[in-house]
Amino acid sequence: MFAATAVLLLAGCGGNKKPQQVEEVAADSTLATYPQKGPMKLLTDRPPQLETPLEIFKQDITPNEYFFVRWHLSQVVTRIDADTFRLRIHGAVDKPLELSLNDLKTKFPADSTMALCICSGNSRSTFDPKIPGSQWGNGAMGNAVWKGVKLKYILEAAGIKKGAVDVAVNGLDAGAIPSIPDYVKSLSVPHALDGEVLVAYEMNGEEIPLLNGFPLKLVVPGWYASYWISSLADVNVLSEKFSGFWMDKAYRITTNPGMTEKPDSLSKETVPLTGIKLHSIFVTPDFRVVQKAGAACHLEGLAFNDGSGISKVEISVDGGKTWQLATMNAPLSKYAWRRWKHEWTPAAAGTYDLAVRATDMAGNTQPEQQWNRSGYARGFIEHIKVKVQ
Ligand SMILES: Nc1nc2c(c(=O)[nH]1)N[C@H]1C(S)=C(S)[C@@H](COP(=O)(O)O)O[C@H]1N2
Ligand SMILES: [Mo]
């Protein structure tokens with residue numbers, strides 16, 4: 001079935017020297033192929049929201065072509081000239097800077113980090129009661145190697161003025177009309193200077209796809225992707241606390257323990273959502289495949305949190321009554337996801353309720369229940385139903 005869906009198409013290929021250009025074509029309404037992208041699940045086309053197919057998560061590193069895409073504002077960037085592009089650093093600094101891509105690559109040391117980029121709303125479609133907003137499955141995340149310059153070095157080159165408190169970060173995208181608040185996020189000065197936040201110009205050894213934030217993406221390891229500003233162009237150092245829609249009104253979470261609240265009594269207090277909540281998912285088996293009694297079924301999946309580490313992953317094949325330890329692969333890096341595996345041989349035919357739960361280094365494990373008004377930070381235990389005959 002075809003719908004009159006607008007899709008961005010890259011004309012010409014993306015070398016750093018050539019401007020990147022996109023135009024419109026028609027496409028399938030559910031699986032879409034966008035410029036520099038393989039077939040992805042299309043959530044919305046304006047702005048583009050594309051979800052990674054689950055089988056891609058069998059790979060430790062998510063290829064750029066399959067990395068999920070999420071923009072908030074309809075005026076996404078469809079053309080960037082890498083030669084004239086400048087990253088601007090201004091505000092409460094001694095020396096405002098305008099850095100070209102070449103400046104970033106030649107005047108600063110390069111660093112790289114492997115880190116999980118995950119949307120706060122990943123898995124939103126699984127919350128009950130249902131929550132409006134992008135109905136993501138588990139595919140609004142990906143693990144990549146990011147290379148670029150530490151934000152700390154850039155800020156030190158500009159010289160942060162004494163008393164500065166926040167750093168506001170902004171990309172090239174904009175709302176369709178001026179009343180739509182620009183997508184701006186902020187980090188505290190100590191966080192921006194922690195040496196882990198990166199201004200990335202490379203993703204998995206290639207330039208960042210236009211839809212994922214070419215030419216620069218802010219990488220904030222351990223924090224939800226809402227801070228990972230795509231097409232980063234403006235860094236504004238502030239001597240007072242940042243105030244703006246995307247920090248004050250959006251991407252906030254209840255202060256209740258476990259990031260959970262009741263639909264009929266929403267918590268009064270909210271704070272900006274920051275670190276990635278402990279969660280784990282199945283990548284195999286595919287719940288649509290019928291398994292055979294007496295034959296080994298390979299269970300595999302991912303566990304992750306804010307980088308503080310996973311101590312164990314457990315599997316249940318009886319709906320959470322009993323649990324067995326899964327085998328974890330060695331950590332890929334501090335901020336990457338952790339892969340786990342488990343062999344299971346179902347003895348008899350029937351429908352099995354499989355569940356997976358991870359435990360962090362402090363001994364906290366995942367709850368069965370969690371809900372919040374925006375469907376952020378899913379951490380409740382994933383169950384899948386598997387048929388055996
Ligand atoms: N400039 C800009 N950066 C942005 C956003 C945006 O709308 N504009 N969305 C954020 C959110 S909420 C997510 S989940 C990630 C998605 O990054 P991706 O498109 O590379 O997957 O970008 C973040 N950075
Ligand atoms: Mo997001």
# chains A, B, ... in the order shown; residues from 1 in each chain; ligands from 1

$ closest_atom_pairs --of "chain A" --to "ligand 2" --cutoff "9 Å" --atoms "only C-alpha atoms and all ligand atoms" --output "CSV"
residue,atom,partner,partner_atom_place_in_ligand_line,distance
A:Arg70,CA,ligand 2,1 (Mo),6.4
A:Trp71,CA,ligand 2,1 (Mo),8.0
A:His72,CA,ligand 2,1 (Mo),8.5
A:Ile118,CA,ligand 2,1 (Mo),7.1
A:Cys119,CA,ligand 2,1 (Mo),3.7
A:Ser120,CA,ligand 2,1 (Mo),5.0
A:Gly121,CA,ligand 2,1 (Mo),5.8
A:Asn122,CA,ligand 2,1 (Mo),7.5
A:Ala140,CA,ligand 2,1 (Mo),7.8
A:Tyr224,CA,ligand 2,1 (Mo),7.3
A:Ala225,CA,ligand 2,1 (Mo),5.5
A:Ser226,CA,ligand 2,1 (Mo),4.8
A:Tyr227,CA,ligand 2,1 (Mo),8.5
A:Trp228,CA,ligand 2,1 (Mo),9.0
A:Tyr251,CA,ligand 2,1 (Mo),8.6

$ write_last_selection --atoms "all heavy atoms" --output "CSV table (one decimal), in the first residue's frame"
chain,number,residue,atom,x,y,z
A,70,ARG,N,15.3,10.9,14.9
A,70,ARG,CA,14.2,11.6,15.5
A,70,ARG,C,14.5,13.1,15.5
A,70,ARG,O,15.5,13.6,16.1
A,70,ARG,CB,14.2,11.1,17.0
A,70,ARG,CG,12.8,11.3,17.7
A,70,ARG,CD,12.8,12.6,18.4
A,70,ARG,NE,11.5,12.8,19.1
A,70,ARG,CZ,10.4,13.4,18.7
A,70,ARG,NH1,10.4,14.0,17.5
A,70,ARG,NH2,9.4,13.5,19.5
A,71,TRP,N,13.6,13.8,14.9
A,71,TRP,CA,13.7,15.3,15.0
A,71,TRP,C,12.3,15.8,15.5
A,71,TRP,O,11.3,15.1,15.3
A,71,TRP,CB,13.9,15.9,13.6
A,71,TRP,CG,15.2,15.6,13.0
A,71,TRP,CD1,15.6,14.5,12.3
A,71,TRP,CD2,16.4,16.4,13.0
A,71,TRP,NE1,16.9,14.5,11.9
A,71,TRP,CE2,17.4,15.7,12.3
A,71,TRP,CE3,16.7,17.7,13.6
A,71,TRP,CZ2,18.7,16.2,12.1
A,71,TRP,CZ3,18.0,18.2,13.4
A,71,TRP,CH2,19.0,17.4,12.7
A,72,HIS,N,12.4,16.9,16.2
A,72,HIS,CA,11.1,17.5,16.7
A,72,HIS,C,10.5,18.5,15.8
A,72,HIS,O,9.3,18.7,15.8
A,72,HIS,CB,11.4,18.2,18.1
A,72,HIS,CG,11.8,17.2,19.2
A,72,HIS,ND1,13.0,16.7,19.3
A,72,HIS,CD2,11.0,16.6,20.1
A,72,HIS,CE1,13.1,15.9,20.3
A,72,HIS,NE2,11.9,15.8,20.8
A,118,ILE,N,20.0,6.7,23.2
A,118,ILE,CA,18.7,6.2,23.3
A,118,ILE,C,17.7,7.3,23.6
A,118,ILE,O,17.9,8.1,24.5
A,118,ILE,CB,18.6,5.1,24.4
A,118,ILE,CG1,17.2,4.6,24.7
A,118,ILE,CG2,19.3,5.5,25.7
A,118,ILE,CD1,17.1,3.4,25.6
A,119,CYS,N,16.6,7.3,22.8
A,119,CYS,CA,15.5,8.3,23.0
A,119,CYS,C,14.8,8.1,24.3
A,119,CYS,O,14.6,6.9,24.7
A,119,CYS,CB,14.5,8.2,21.9
A,119,CYS,SG,13.2,9.3,22.0
A,120,SER,N,14.5,9.1,25.0
A,120,SER,CA,13.8,9.0,26.3
A,120,SER,C,12.5,8.3,26.1
A,120,SER,O,12.0,7.6,27.0
A,120,SER,CB,13.4,10.4,26.9
A,120,SER,OG,14.3,11.3,26.5
A,121,GLY,N,11.9,8.4,24.9
A,121,GLY,CA,10.6,7.8,24.6
A,121,GLY,C,10.7,6.4,24.0
A,121,GLY,O,9.7,5.8,23.5
A,122,ASN,N,12.0,5.8,24.0
A,122,ASN,CA,12.1,4.5,23.4
A,122,ASN,C,11.2,3.5,24.2
A,122,ASN,O,11.0,3.6,25.4
A,122,ASN,CB,13.6,4.0,23.6
A,122,ASN,CG,13.8,2.7,22.7
A,122,ASN,OD1,13.2,2.6,21.7
A,122,ASN,ND2,14.7,1.9,23.2
A,140,ALA,N,14.2,2.9,19.1
A,140,ALA,CA,14.7,4.3,19.1
A,140,ALA,C,16.0,4.3,19.9
A,140,ALA,O,16.1,5.1,20.9
A,140,ALA,CB,13.6,5.2,19.7
A,224,TYR,N,20.1,10.5,28.2
A,224,TYR,CA,19.2,10.3,27.2
A,224,TYR,C,19.5,11.2,26.0
A,224,TYR,O,20.0,12.3,26.1
A,224,TYR,CB,17.7,10.5,27.6
A,224,TYR,CG,17.2,9.3,28.3
A,224,TYR,CD1,17.0,9.2,29.7
A,224,TYR,CD2,16.9,8.1,27.6
A,224,TYR,CE1,16.5,8.1,30.4
A,224,TYR,CE2,16.4,7.0,28.3
A,224,TYR,CZ,16.2,7.0,29.6
A,224,TYR,OH,15.8,5.8,30.2
A,225,ALA,N,19.1,10.7,24.8
A,225,ALA,CA,19.4,11.3,23.5
A,225,ALA,C,18.8,12.7,23.3
A,225,ALA,O,19.3,13.5,22.5
A,225,ALA,CB,19.0,10.5,22.4
A,226,SER,N,17.9,13.1,24.2
A,226,SER,CA,17.3,14.5,24.0
A,226,SER,C,18.4,15.5,24.2
A,226,SER,O,18.3,16.6,23.7
A,226,SER,CB,16.2,14.7,25.1
A,226,SER,OG,16.7,14.5,26.3
A,227,TYR,N,19.5,15.2,24.9
A,227,TYR,CA,20.6,16.2,25.0
A,227,TYR,C,21.6,16.1,23.9
A,227,TYR,O,22.5,16.9,23.8
A,227,TYR,CB,21.4,15.9,26.3
A,227,TYR,CG,20.5,16.2,27.5
A,227,TYR,CD1,19.7,15.2,28.1
A,227,TYR,CD2,20.5,17.4,28.1
A,227,TYR,CE1,18.9,15.4,29.2
A,227,TYR,CE2,19.7,17.7,29.2
A,227,TYR,CZ,18.9,16.7,29.8
A,227,TYR,OH,18.1,16.9,30.8
A,228,TRP,N,21.5,15.0,23.0
A,228,TRP,CA,22.5,14.8,22.0
A,228,TRP,C,22.2,15.6,20.8
A,228,TRP,O,21.6,15.1,19.8
A,228,TRP,CB,22.6,13.3,21.6
A,228,TRP,CG,23.0,12.4,22.7
A,228,TRP,CD1,22.6,12.3,24.0
A,228,TRP,CD2,23.9,11.2,22.5
A,228,TRP,NE1,23.2,11.3,24.7
A,228,TRP,CE2,24.0,10.6,23.8
A,228,TRP,CE3,24.6,10.7,21.5
A,228,TRP,CZ2,24.7,9.4,24.0
A,228,TRP,CZ3,25.4,9.6,21.7
A,228,TRP,CH2,25.4,9.0,22.9
A,251,TYR,N,10.5,16.9,28.3
A,251,TYR,CA,11.5,16.0,28.8
A,251,TYR,C,11.7,16.2,30.3
A,251,TYR,O,12.9,16.2,30.8
A,251,TYR,CB,12.9,16.2,28.1
A,251,TYR,CG,12.7,15.7,26.7
A,251,TYR,CD1,12.8,16.5,25.6
A,251,TYR,CD2,12.5,14.3,26.5
A,251,TYR,CE1,12.6,16.0,24.3
A,251,TYR,CE2,12.4,13.8,25.2
A,251,TYR,CZ,12.4,14.6,24.1
A,251,TYR,OH,12.2,14.1,22.9

$ select_by_dssp --residues "range 91-244 of chain A" --states "strand (DSSP E or B)" --output "ChimeraX atom specification"
/A:91,93,97-99,111-118,141-150,160,166-171,174,184-188,198-203,206-207,217-219,223,232-238

$ residues_around --residues "Ala303 in chain A" --least-positions-apart "5" --cutoff "7 Å" --atoms "only C-alpha atoms" --output "PyMOL selection string"
chain A and resi 279-281+337-339+358

$ residues_around --residues "Met361 in chain A" --least-positions-apart "5" --cutoff "12 Å" --atoms "only C-alpha atoms" --output "PyMOL selection string"
chain A and resi 278+304-313

$ write_last_selection --atoms "N, CA and C atoms" --output "PDB file, in the first residue's frame"
ATOM      1  N   LEU A 278      17.919   1.923  33.996  1.00  0.00           N
ATOM      2  CA  LEU A 278      18.221   0.499  33.844  1.00  0.00           C
ATOM      3  C   LEU A 278      17.101  -0.213  33.079  1.00  0.00           C
ATOM      4  N   PHE A 304      21.169  -2.273  29.622  1.00  0.00           N
ATOM      5  CA  PHE A 304      21.878  -0.990  29.618  1.00  0.00           C
ATOM      6  C   PHE A 304      21.382  -0.101  30.744  1.00  0.00           C
ATOM      7  N   ASN A 305      22.207   0.870  31.068  1.00  0.00           N
ATOM      8  CA  ASN A 305      21.812   1.955  31.968  1.00  0.00           C
ATOM      9  C   ASN A 305      22.706   3.158  31.698  1.00  0.00           C
ATOM     10  N   ASP A 306      22.932   3.965  32.709  1.00  0.00           N
ATOM     11  CA  ASP A 306      23.638   5.231  32.514  1.00  0.00           C
ATOM     12  C   ASP A 306      25.160   5.093  32.472  1.00  0.00           C
ATOM     13  N   GLY A 307      25.670   3.898  32.391  1.00  0.00           N
ATOM     14  CA  GLY A 307      27.114   3.687  32.353  1.00  0.00           C
ATOM     15  C   GLY A 307      27.661   3.221  33.684  1.00  0.00           C
ATOM     16  N   SER A 308      26.788   3.147  34.699  1.00  0.00           N
ATOM     17  CA  SER A 308      27.274   2.697  36.009  1.00  0.00           C
ATOM     18  C   SER A 308      27.433   1.177  36.056  1.00  0.00           C
ATOM     19  N   GLY A 309      26.989   0.483  35.009  1.00  0.00           N
ATOM     20  CA  GLY A 309      27.295  -0.943  34.887  1.00  0.00           C
ATOM     21  C   GLY A 309      26.159  -1.879  35.234  1.00  0.00           C
ATOM     22  N   ILE A 310      26.246  -3.079  34.662  1.00  0.00           N
ATOM     23  CA  ILE A 310      25.237  -4.126  34.859  1.00  0.00           C
ATOM     24  C   ILE A 310      25.929  -5.257  35.616  1.00  0.00           C
ATOM     25  N   SER A 311      25.358  -5.708  36.731  1.00  0.00           N
ATOM     26  CA  SER A 311      26.001  -6.795  37.477  1.00  0.00           C
ATOM     27  C   SER A 311      25.484  -8.162  37.052  1.00  0.00           C
ATOM     28  N   LYS A 312      24.207  -8.256  36.681  1.00  0.00           N
ATOM     29  CA  LYS A 312      23.691  -9.533  36.174  1.00  0.00           C
ATOM     30  C   LYS A 312      22.432  -9.324  35.348  1.00  0.00           C
ATOM     31  N   VAL A 313      22.170 -10.335  34.513  1.00  0.00           N
ATOM     32  CA  VAL A 313      20.933 -10.371  33.739  1.00  0.00           C
ATOM     33  C   VAL A 313      20.299 -11.722  34.016  1.00  0.00           C
TER      34      VAL A 313
END

$ atom_distance --atom1 "CA of Phe67 in chain A" --atom2 "CA of Ala200 in chain A"
15.4 Å

$ closest_residue --among "A:Gly133, A:Gly320, A:Gly91, A:Gly301" --to "Asn236 in chain A" --atoms "only C-alpha atoms"
A:Gly91

$ closest_residue --among "A:Asn372, A:His298, A:Gly142, A:Glu382" --to "Trp344 in chain A" --atoms "only C-alpha atoms"
A:His298

$ residues_around --residues "range 42-50 of chain A" --least-positions-apart "4" --cutoff "6 Å" --atoms "only C-alpha atoms" --output "PyMOL selection string"
chain A and resi 30-32+68-71+73-74

$ select_by_dssp --residues "range 105-315 of chain A" --states "alpha helix (DSSP H)" --output "number ranges by chain"
A: 105-106, 151-158, 189-192, 245-248

$ write_last_selection --atoms "N, CA and C atoms" --output "PDB file, in the first residue's frame"
ATOM      1  N   LYS A 105      38.983  19.504  13.451  1.00  0.00           N
ATOM      2  CA  LYS A 105      39.757  18.295  13.144  1.00  0.00           C
ATOM      3  C   LYS A 105      41.263  18.519  13.260  1.00  0.00           C
ATOM      4  N   THR A 106      41.714  19.768  13.165  1.00  0.00           N
ATOM      5  CA  THR A 106      43.168  19.985  13.144  1.00  0.00           C
ATOM      6  C   THR A 106      43.702  20.744  14.371  1.00  0.00           C
ATOM      7  N   LEU A 151      34.045  18.558  24.433  1.00  0.00           N
ATOM      8  CA  LEU A 151      33.460  19.891  24.625  1.00  0.00           C
ATOM      9  C   LEU A 151      34.323  20.706  25.584  1.00  0.00           C
ATOM     10  N   LYS A 152      34.913  20.023  26.553  1.00  0.00           N
ATOM     11  CA  LYS A 152      35.803  20.659  27.524  1.00  0.00           C
ATOM     12  C   LYS A 152      36.924  21.446  26.825  1.00  0.00           C
ATOM     13  N   TYR A 153      37.553  20.837  25.823  1.00  0.00           N
ATOM     14  CA  TYR A 153      38.662  21.521  25.131  1.00  0.00           C
ATOM     15  C   TYR A 153      38.172  22.771  24.405  1.00  0.00           C
ATOM     16  N   ILE A 154      36.997  22.658  23.805  1.00  0.00           N
ATOM     17  CA  ILE A 154      36.451  23.791  23.056  1.00  0.00           C
ATOM     18  C   ILE A 154      36.112  24.931  24.021  1.00  0.00           C
ATOM     19  N   LEU A 155      35.508  24.565  25.144  1.00  0.00           N
ATOM     20  CA  LEU A 155      35.137  25.589  26.133  1.00  0.00           C
ATOM     21  C   LEU A 155      36.383  26.205  26.760  1.00  0.00           C
ATOM     22  N   GLU A 156      37.404  25.381  26.979  1.00  0.00           N
ATOM     23  CA  GLU A 156      38.655  25.922  27.537  1.00  0.00           C
ATOM     24  C   GLU A 156      39.328  26.875  26.553  1.00  0.00           C
ATOM     25  N   ALA A 157      39.229  26.566  25.262  1.00  0.00           N
ATOM     26  CA  ALA A 157      39.818  27.458  24.245  1.00  0.00           C
ATOM     27  C   ALA A 157      39.092  28.800  24.243  1.00  0.00           C
ATOM     28  N   ALA A 158      37.791  28.769  24.515  1.00  0.00           N
ATOM     29  CA  ALA A 158      37.017  30.012  24.550  1.00  0.00           C
ATOM     30  C   ALA A 158      37.183  30.723  25.891  1.00  0.00           C
ATOM     31  N   VAL A 189      27.663  23.679  33.701  1.00  0.00           N
ATOM     32  CA  VAL A 189      29.071  23.893  33.339  1.00  0.00           C
ATOM     33  C   VAL A 189      29.957  22.711  33.773  1.00  0.00           C
ATOM     34  N   PRO A 190      29.823  22.209  35.026  1.00  0.00           N
ATOM     35  CA  PRO A 190      30.666  21.056  35.385  1.00  0.00           C
ATOM     36  C   PRO A 190      30.445  19.843  34.475  1.00  0.00           C
ATOM     37  N   HIS A 191      29.203  19.591  34.055  1.00  0.00           N
ATOM     38  CA  HIS A 191      28.954  18.468  33.149  1.00  0.00           C
ATOM     39  C   HIS A 191      29.614  18.711  31.789  1.00  0.00           C
ATOM     40  N   ALA A 192      29.452  19.929  31.285  1.00  0.00           N
ATOM     41  CA  ALA A 192      30.040  20.257  29.978  1.00  0.00           C
ATOM     42  C   ALA A 192      31.560  20.138  30.005  1.00  0.00           C
ATOM     43  N   PHE A 245      11.744  26.121  26.709  1.00  0.00           N
ATOM     44  CA  PHE A 245      10.670  25.129  26.646  1.00  0.00           C
ATOM     45  C   PHE A 245      11.158  23.689  26.833  1.00  0.00           C
ATOM     46  N   TRP A 246      12.270  23.334  26.148  1.00  0.00           N
ATOM     47  CA  TRP A 246      12.691  21.925  26.105  1.00  0.00           C
ATOM     48  C   TRP A 246      13.392  21.470  27.382  1.00  0.00           C
ATOM     49  N   MET A 247      13.647  22.423  28.309  1.00  0.00           N
ATOM     50  CA  MET A 247      14.148  22.047  29.638  1.00  0.00           C
ATOM     51  C   MET A 247      13.054  22.270  30.692  1.00  0.00           C
ATOM     52  N   ASP A 248      12.283  23.360  30.525  1.00  0.00           N
ATOM     53  CA  ASP A 248      11.319  23.751  31.569  1.00  0.00           C
ATOM     54  C   ASP A 248       9.989  23.012  31.455  1.00  0.00           C
TER      55      ASP A 248
END

$ closest_residue --among "A:Asp286, A:Glu55, A:Asp173, A:Glu300" --to "ligand 1" --atoms "only C-alpha atoms and all ligand atoms"
A:Asp173

$ residues_around --residues "Asp353 in chain A" --least-positions-apart "5" --cutoff "6 Å" --atoms "only C-alpha atoms" --output "VMD selection string"
chain A and resid 317 to 319 384 to 385

$ atom_distance --atom1 "CA of Trp223 in chain A" --atom2 "CA of Ile276 in chain A"
5.4 Å
